[in-house]
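Data first, discussion second: the structure below is written as structure tokens.
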2 protein chains.
Amino acid sequence: MAQDFSKPAVTVDVVIMTLRDDDLHVLLIKRDHVPYRGRWAIPGGFVHLNESLEAAARRELKEETGVTDVYLEQLYTFGDPRRDPRGHVISVAYIALVPEPLAVKGGSDAREARWWSIQQLPPLAFDHARIVDYALTRLRYKIEYSAVGFRLLPETFTLSDLQKAYEIILAEPLDKRNFRRRIIEAAVIEPIDEVRSGEGRPARLYRFRPDAVAEVKARRLFP
Amino acid sequence: MAQDFSKPAVTVDVVIMTLRDDDLHVLLIKRDHVPYRGRWAIPGGFVHLNESLEAAARRELKEETGVTDVYLEQLYTFGDPRRDPRGHVISVAYIALVPEPLAVKGGSDAREARWWSIQQLPPLAFDHARIVDYALTRLRYKIEYSAVGFRLLPETFTLSDLQKAYEIILAEPLDKRNFRRRIIEAAVIEPIDEVRSGEGRPARLYRFRPDAVAEVKARRLFP
């Protein structure tokens, strides 16, 4: 669809993150059109007339990556008039967290789609590096005081699993005793009546408390 | 400026809040144009080509209310295609907190501007009631764990002043001992070497800790 740039245009762009191979990963697509043809970008595109922002985000995700049924939350709206060489394009950015990497495929406007380690991102189109960076900042901030981590973890996990996930997201080692004390005080997880056996002594399994998860869902913590 | 509604248009709208007469107040303008002519609304208007979102918010505030030099933070972007009878208009909403009611005047597109108690708002244009509601939810949530309250209070205050501000914002009475324990634990305020004398015994004065305030400023807690 040809775009008119005589007034600000609006896109939606989505930062999807997952934990994989001990690292946080972001889903990127390879652009098949100018500008930035051949450059990697977060999935997204123009909002159609009479389409809600979230519907546009879901449509673009599906068209460009095949991904459906993810939980989306608005992150921030980026409106610097110089962020797109075509003209003034305002981007409403969304964030999505998925518990494991989804199968992806390239689609319209995208030759290819794949997961990238957030440590080793390629050069990105537009201001997408800044958008990814902001999504990561928000995620780091939110896991400190909310149950938002439930979107990245399996249903049950050990305290060691959880600490590892936090260490990956925060990109720093955490003291085991402090971590356990803080996470218990935050009251977002609870033990279940099961252990995981393996080497050494069996480890207690935990889950996110249903009420803490409900609160995250209700409050739509992003943003 | 005539608007073209053949693709989504973009406005900015600003919820400015202050504490006044023991109540939270919001600045509203009386609309001078269709749609909703004569109805009260939060200040705002269309984003111009090559204008940043924040610049647009500041321009509209100044044009419609005379208010300048306020600190703005993005709240959320509302994009329901049915929110404006003229067509598909996406609103990027901002929030501003000011320590005391500013003098206001009506301007272009607005016959009148005045502060309204959030308890007794008139019927609002568009989905502005929802936007104000969301701004209040965000404020209530944020004051629980951050120093964002410094934007609503004078530089120094007693613990009773602070408790009263929290009670007004949260719209509920707070237990004095619990409040004091929690606010001290949150480490966002500190005593200064001054007291306020009056009836009864002198009350210690406090201020928000400069580092907590700096953190709020750096993190731009809205959102």
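By convention in this document, the chains of the structure tokens carry letters A, B, ... by their order, each chain's residues are numbered from 1, and ligands are numbered from 1 in the order they are shown.
The protein and nucleic acid residues lying at most 7 Å from range 167-175 of chain A are Asp22, Asp23, Leu24, Arg140, Gln163, Lys164, Asn178 and Phe179 of chain A, with only C-alpha atoms considered and sequence neighbours fewer than 3 positions away removed.
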Just to be explicit: take each residue in the selection above, keep N, CA and C atoms, and write the result as a short mmCIF file (atom, residue, chain, number, x, y, z; two decimals), in the first residue's frame.
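Below is the file that was written, out36.cif:
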data_model
loop_
_atom_site.label_atom_id
_atom_site.label_comp_id
_atom_site.auth_asym_id
_atom_site.auth_seq_id
_atom_site.Cartn_x
_atom_site.Cartn_y
_atom_site.Cartn_z
N ASP A 22 20.46 -20.28 27.33
CA ASP A 22 21.06 -19.43 28.36
C ASP A 22 21.26 -17.99 27.93
N ASP A 23 20.39 -17.52 27.07
CA ASP A 23 20.49 -16.11 26.66
C ASP A 23 19.10 -15.58 26.29
N LEU A 24 18.96 -14.27 26.42
CA LEU A 24 17.72 -13.64 26.00
C LEU A 24 17.79 -13.44 24.49
N ARG A 140 13.95 -5.53 32.62
CA ARG A 140 14.82 -5.63 33.80
C ARG A 140 14.19 -4.96 35.00
N GLN A 163 16.69 -18.29 39.38
CA GLN A 163 17.86 -17.42 39.54
C GLN A 163 18.62 -17.30 38.22
N LYS A 164 18.75 -18.41 37.52
CA LYS A 164 19.46 -18.38 36.24
C LYS A 164 18.74 -17.46 35.24
N ASN A 178 20.85 -13.87 48.87
CA ASN A 178 20.10 -12.61 48.68
C ASN A 178 18.96 -12.80 47.69
N PHE A 179 19.27 -13.50 46.60
CA PHE A 179 18.24 -13.71 45.58
C PHE A 179 17.04 -14.43 46.18
#
- prompt: If we count only C-alpha atoms, what is near Val195 in chain A at a cut-off of 10 Å, once residues fewer than 3 positions away on the same chain are taken out, given as a count of residues only?
  reply: 11
query: Which of range 11-95 of chain A counts as alpha helix (DSSP H) under DSSP, as a list in words please?
result: Leu53, Glu54, Ala55, Ala56, Ala57, Arg58, Arg59, Glu60, Leu61, Lys62, Glu63, Glu64 and Thr65 of chain A
Those same residues, written as a PDB file, in the first residue's frame with N, CA and C atoms?
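So the final result, stored in selection.pdb, reads:
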ATOM      1  N   LEU A  53      -4.503  -0.552  17.271  1.00  0.00           N
ATOM      2  CA  LEU A  53      -3.047  -0.701  17.318  1.00  0.00           C
ATOM      3  C   LEU A  53      -2.657  -2.153  17.577  1.00  0.00           C
ATOM      4  N   GLU A  54      -3.349  -2.782  18.519  1.00  0.00           N
ATOM      5  CA  GLU A  54      -2.993  -4.156  18.846  1.00  0.00           C
ATOM      6  C   GLU A  54      -3.319  -5.104  17.689  1.00  0.00           C
ATOM      7  N   ALA A  55      -4.429  -4.843  17.005  1.00  0.00           N
ATOM      8  CA  ALA A  55      -4.778  -5.670  15.835  1.00  0.00           C
ATOM      9  C   ALA A  55      -3.709  -5.515  14.757  1.00  0.00           C
ATOM     10  N   ALA A  56      -3.223  -4.293  14.568  1.00  0.00           N
ATOM     11  CA  ALA A  56      -2.176  -4.064  13.566  1.00  0.00           C
ATOM     12  C   ALA A  56      -0.903  -4.817  13.961  1.00  0.00           C
ATOM     13  N   ALA A  57      -0.562  -4.790  15.246  1.00  0.00           N
ATOM     14  CA  ALA A  57       0.640  -5.490  15.707  1.00  0.00           C
ATOM     15  C   ALA A  57       0.507  -6.998  15.457  1.00  0.00           C
ATOM     16  N   ARG A  58      -0.670  -7.541  15.764  1.00  0.00           N
ATOM     17  CA  ARG A  58      -0.893  -8.979  15.548  1.00  0.00           C
ATOM     18  C   ARG A  58      -0.853  -9.342  14.063  1.00  0.00           C
ATOM     19  N   ARG A  59      -1.444  -8.484  13.234  1.00  0.00           N
ATOM     20  CA  ARG A  59      -1.447  -8.744  11.798  1.00  0.00           C
ATOM     21  C   ARG A  59      -0.030  -8.748  11.242  1.00  0.00           C
ATOM     22  N   GLU A  60       0.760  -7.744  11.619  1.00  0.00           N
ATOM     23  CA  GLU A  60       2.130  -7.657  11.107  1.00  0.00           C
ATOM     24  C   GLU A  60       2.984  -8.839  11.582  1.00  0.00           C
ATOM     25  N   LEU A  61       2.802  -9.213  12.846  1.00  0.00           N
ATOM     26  CA  LEU A  61       3.557 -10.356  13.375  1.00  0.00           C
ATOM     27  C   LEU A  61       3.251 -11.610  12.580  1.00  0.00           C
ATOM     28  N   LYS A  62       1.968 -11.812  12.326  1.00  0.00           N
ATOM     29  CA  LYS A  62       1.558 -13.009  11.604  1.00  0.00           C
ATOM     30  C   LYS A  62       2.089 -12.974  10.165  1.00  0.00           C
ATOM     31  N   GLU A  63       1.922 -11.825   9.507  1.00  0.00           N
ATOM     32  CA  GLU A  63       2.365 -11.711   8.116  1.00  0.00           C
ATOM     33  C   GLU A  63       3.871 -11.886   7.982  1.00  0.00           C
ATOM     34  N   GLU A  64       4.602 -11.304   8.912  1.00  0.00           N
ATOM     35  CA  GLU A  64       6.056 -11.272   8.751  1.00  0.00           C
ATOM     36  C   GLU A  64       6.794 -12.442   9.385  1.00  0.00           C
ATOM     37  N   THR A  65       6.178 -13.076  10.390  1.00  0.00           N
ATOM     38  CA  THR A  65       6.910 -14.128  11.102  1.00  0.00           C
ATOM     39  C   THR A  65       6.103 -15.404  11.306  1.00  0.00           C
TER      40      THR A  65
END
Show me a table, sorted first by chain and then by increasing residue number, of the residues of chain A having an atom at most 10 Å from chain B, each with its shortest atom pair and the distance in Å to one decimal, counting only C-alpha atoms and written as a Markdown table.
| residue | atom | partner | partner_atom | distance |
| --- | --- | --- | --- | --- |
| A:Gln3 | CA | B:Lys7 | CA | 9.2 |
| A:Asp4 | CA | B:Lys7 | CA | 8.6 |
| A:Phe5 | CA | B:Leu49 | CA | 8.6 |
| A:Ser6 | CA | B:Leu49 | CA | 7.2 |
| A:Lys7 | CA | B:Leu49 | CA | 5.2 |
| A:Pro8 | CA | B:Leu49 | CA | 5.6 |
| A:Ala9 | CA | B:Pro8 | CA | 7.4 |
| A:Val10 | CA | B:Pro8 | CA | 7.2 |
| A:Phe46 | CA | B:Pro8 | CA | 9.7 |
| A:Val47 | CA | B:Pro8 | CA | 7.5 |
| A:His48 | CA | B:Lys7 | CA | 7.1 |
| A:Leu49 | CA | B:Lys7 | CA | 5.2 |
| A:Asn50 | CA | B:Pro81 | CA | 4.9 |
| A:Glu51 | CA | B:Pro81 | CA | 6.2 |
| A:Ser52 | CA | B:Asp80 | CA | 5.1 |
| A:Leu53 | CA | B:Gly79 | CA | 5.6 |
| A:Glu54 | CA | B:Gly79 | CA | 8.5 |
| A:Ala55 | CA | B:Asp80 | CA | 9.9 |
| A:Gln74 | CA | B:Tyr76 | CA | 7.7 |
| A:Leu75 | CA | B:Pro223 | CA | 8.3 |
| A:Tyr76 | CA | B:Tyr76 | CA | 7.2 |
| A:Thr77 | CA | B:Thr77 | CA | 7.0 |
| A:Phe78 | CA | B:Leu53 | CA | 8.1 |
| A:Gly79 | CA | B:Ser52 | CA | 5.6 |
| A:Asp80 | CA | B:Ser52 | CA | 5.2 |
| A:Pro81 | CA | B:Asn50 | CA | 4.9 |
| A:Arg82 | CA | B:Asn50 | CA | 7.8 |
| A:Gly87 | CA | B:Asn50 | CA | 8.1 |
| A:His88 | CA | B:Asn50 | CA | 5.9 |
| A:Val89 | CA | B:Asn50 | CA | 9.2 |
| A:Ile90 | CA | B:Leu53 | CA | 8.7 |
| A:Val92 | CA | B:Thr77 | CA | 7.5 |
| A:Ala93 | CA | B:Thr77 | CA | 9.8 |
| A:Thr137 | CA | B:Arg219 | CA | 9.4 |
| A:Arg138 | CA | B:Pro223 | CA | 9.4 |
| A:Tyr141 | CA | B:Arg219 | CA | 9.7 |
| A:Tyr145 | CA | B:Tyr145 | CA | 9.5 |
| A:Arg219 | CA | B:Thr137 | CA | 9.4 |
| A:Leu221 | CA | B:Pro223 | CA | 9.9 |
| A:Phe222 | CA | B:Pro223 | CA | 8.6 |
| A:Pro223 | CA | B:Pro223 | CA | 5.9 |
- request: Once DSSP has gone over the backbone, tell me which residues of chain A are in strand (DSSP E or B), as a PyMOL selection string.
  value: chain A and resi 9-20+23-31+40-41+44-46+72-78+89-98+110-117+124+157+189-196+203-208
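In this structure, CA of Asp127 in chain A sits 10.1 Å away from CA of Ile42 in chain A.
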Using only C-alpha atoms, determine which residues lie at most 10 Å from Arg20 in chain A, disregarding the query and same-chain residues fewer than 6 positions distant; provide the list as an mmCIF file with N, CA and C atoms, in the first residue's frame.
data_model
loop_
_atom_site.group_PDB
_atom_site.id
_atom_site.type_symbol
_atom_site.label_atom_id
_atom_site.label_comp_id
_atom_site.auth_asym_id
_atom_site.auth_seq_id
_atom_site.Cartn_x
_atom_site.Cartn_y
_atom_site.Cartn_z
ATOM 1 N N VAL A 26 15.780 -12.156 20.751
ATOM 2 C CA VAL A 26 14.791 -11.258 20.150
ATOM 3 C C VAL A 26 14.498 -11.748 18.735
ATOM 4 N N PRO A 99 7.423 -18.044 26.509
ATOM 5 C CA PRO A 99 8.174 -18.946 27.386
ATOM 6 C C PRO A 99 9.213 -19.783 26.648
ATOM 7 N N GLU A 100 9.047 -20.011 25.364
ATOM 8 C CA GLU A 100 10.086 -20.710 24.621
ATOM 9 C C GLU A 100 10.044 -20.232 23.178
ATOM 10 N N PRO A 101 11.166 -20.342 22.475
ATOM 11 C CA PRO A 101 11.206 -19.802 21.110
ATOM 12 C C PRO A 101 10.128 -20.447 20.248
ATOM 13 N N TRP A 115 15.454 -15.864 15.442
ATOM 14 C CA TRP A 115 15.769 -15.394 16.785
ATOM 15 C C TRP A 115 17.245 -15.034 16.862
ATOM 16 N N TRP A 116 17.538 -13.918 17.513
ATOM 17 C CA TRP A 116 18.912 -13.460 17.696
ATOM 18 C C TRP A 116 19.186 -13.264 19.186
ATOM 19 N N SER A 117 20.388 -13.641 19.596
ATOM 20 C CA SER A 117 20.801 -13.339 20.971
ATOM 21 C C SER A 117 20.879 -11.831 21.126
ATOM 22 N N LEU A 152 8.136 -15.774 30.780
ATOM 23 C CA LEU A 152 9.372 -16.284 30.172
ATOM 24 C C LEU A 152 9.746 -17.665 30.667
ATOM 25 N N ALA A 165 17.411 -17.555 35.203
ATOM 26 C CA ALA A 165 16.641 -16.676 34.302
ATOM 27 C C ALA A 165 16.878 -15.209 34.667
ATOM 28 N N ILE A 168 20.311 -14.136 33.569
ATOM 29 C CA ILE A 168 20.383 -13.915 32.115
ATOM 30 C C ILE A 168 19.768 -12.561 31.766
#
message: Can you tell me which residues surround Phe150 in chain B at a distance of at most 10 Å, considering only C-alpha atoms, apart from same-chain residues fewer than 6 positions away, and format the answer as an MDAnalysis selection string?
response: chainID B and resid 97:99 143 156 162 188:189 207:209 212:213 216
With C-alpha atoms retained, export the selected residues as an mmCIF file, in the first residue's frame.
data_model
loop_
_atom_site.group_PDB
_atom_site.id
_atom_site.type_symbol
_atom_site.label_atom_id
_atom_site.label_comp_id
_atom_site.auth_asym_id
_atom_site.auth_seq_id
_atom_site.Cartn_x
_atom_site.Cartn_y
_atom_site.Cartn_z
ATOM 1 C CA LEU B 97 2.396 16.598 37.663
ATOM 2 C CA VAL B 98 2.786 20.104 39.045
ATOM 3 C CA PRO B 99 3.394 21.028 42.696
ATOM 4 C CA ILE B 143 3.684 6.546 44.269
ATOM 5 C CA THR B 156 10.006 20.306 52.207
ATOM 6 C CA LEU B 162 3.081 13.565 52.987
ATOM 7 C CA VAL B 188 12.719 7.885 49.044
ATOM 8 C CA ILE B 189 12.626 10.660 51.671
ATOM 9 C CA ARG B 207 12.447 16.182 51.594
ATOM 10 C CA PHE B 208 12.622 13.639 48.801
ATOM 11 C CA ARG B 209 16.130 12.212 48.619
ATOM 12 C CA ALA B 212 15.566 9.004 44.511
ATOM 13 C CA VAL B 213 14.409 12.078 42.612
ATOM 14 C CA VAL B 216 12.716 9.137 38.787
#
task: Give the answer as one residue: which of B:Leu139, B:Val34, B:Leu153, B:Val148 has the shortest atom-to-atom distance to Phe126 in chain B, using only C-alpha atoms?
output: B:Val34
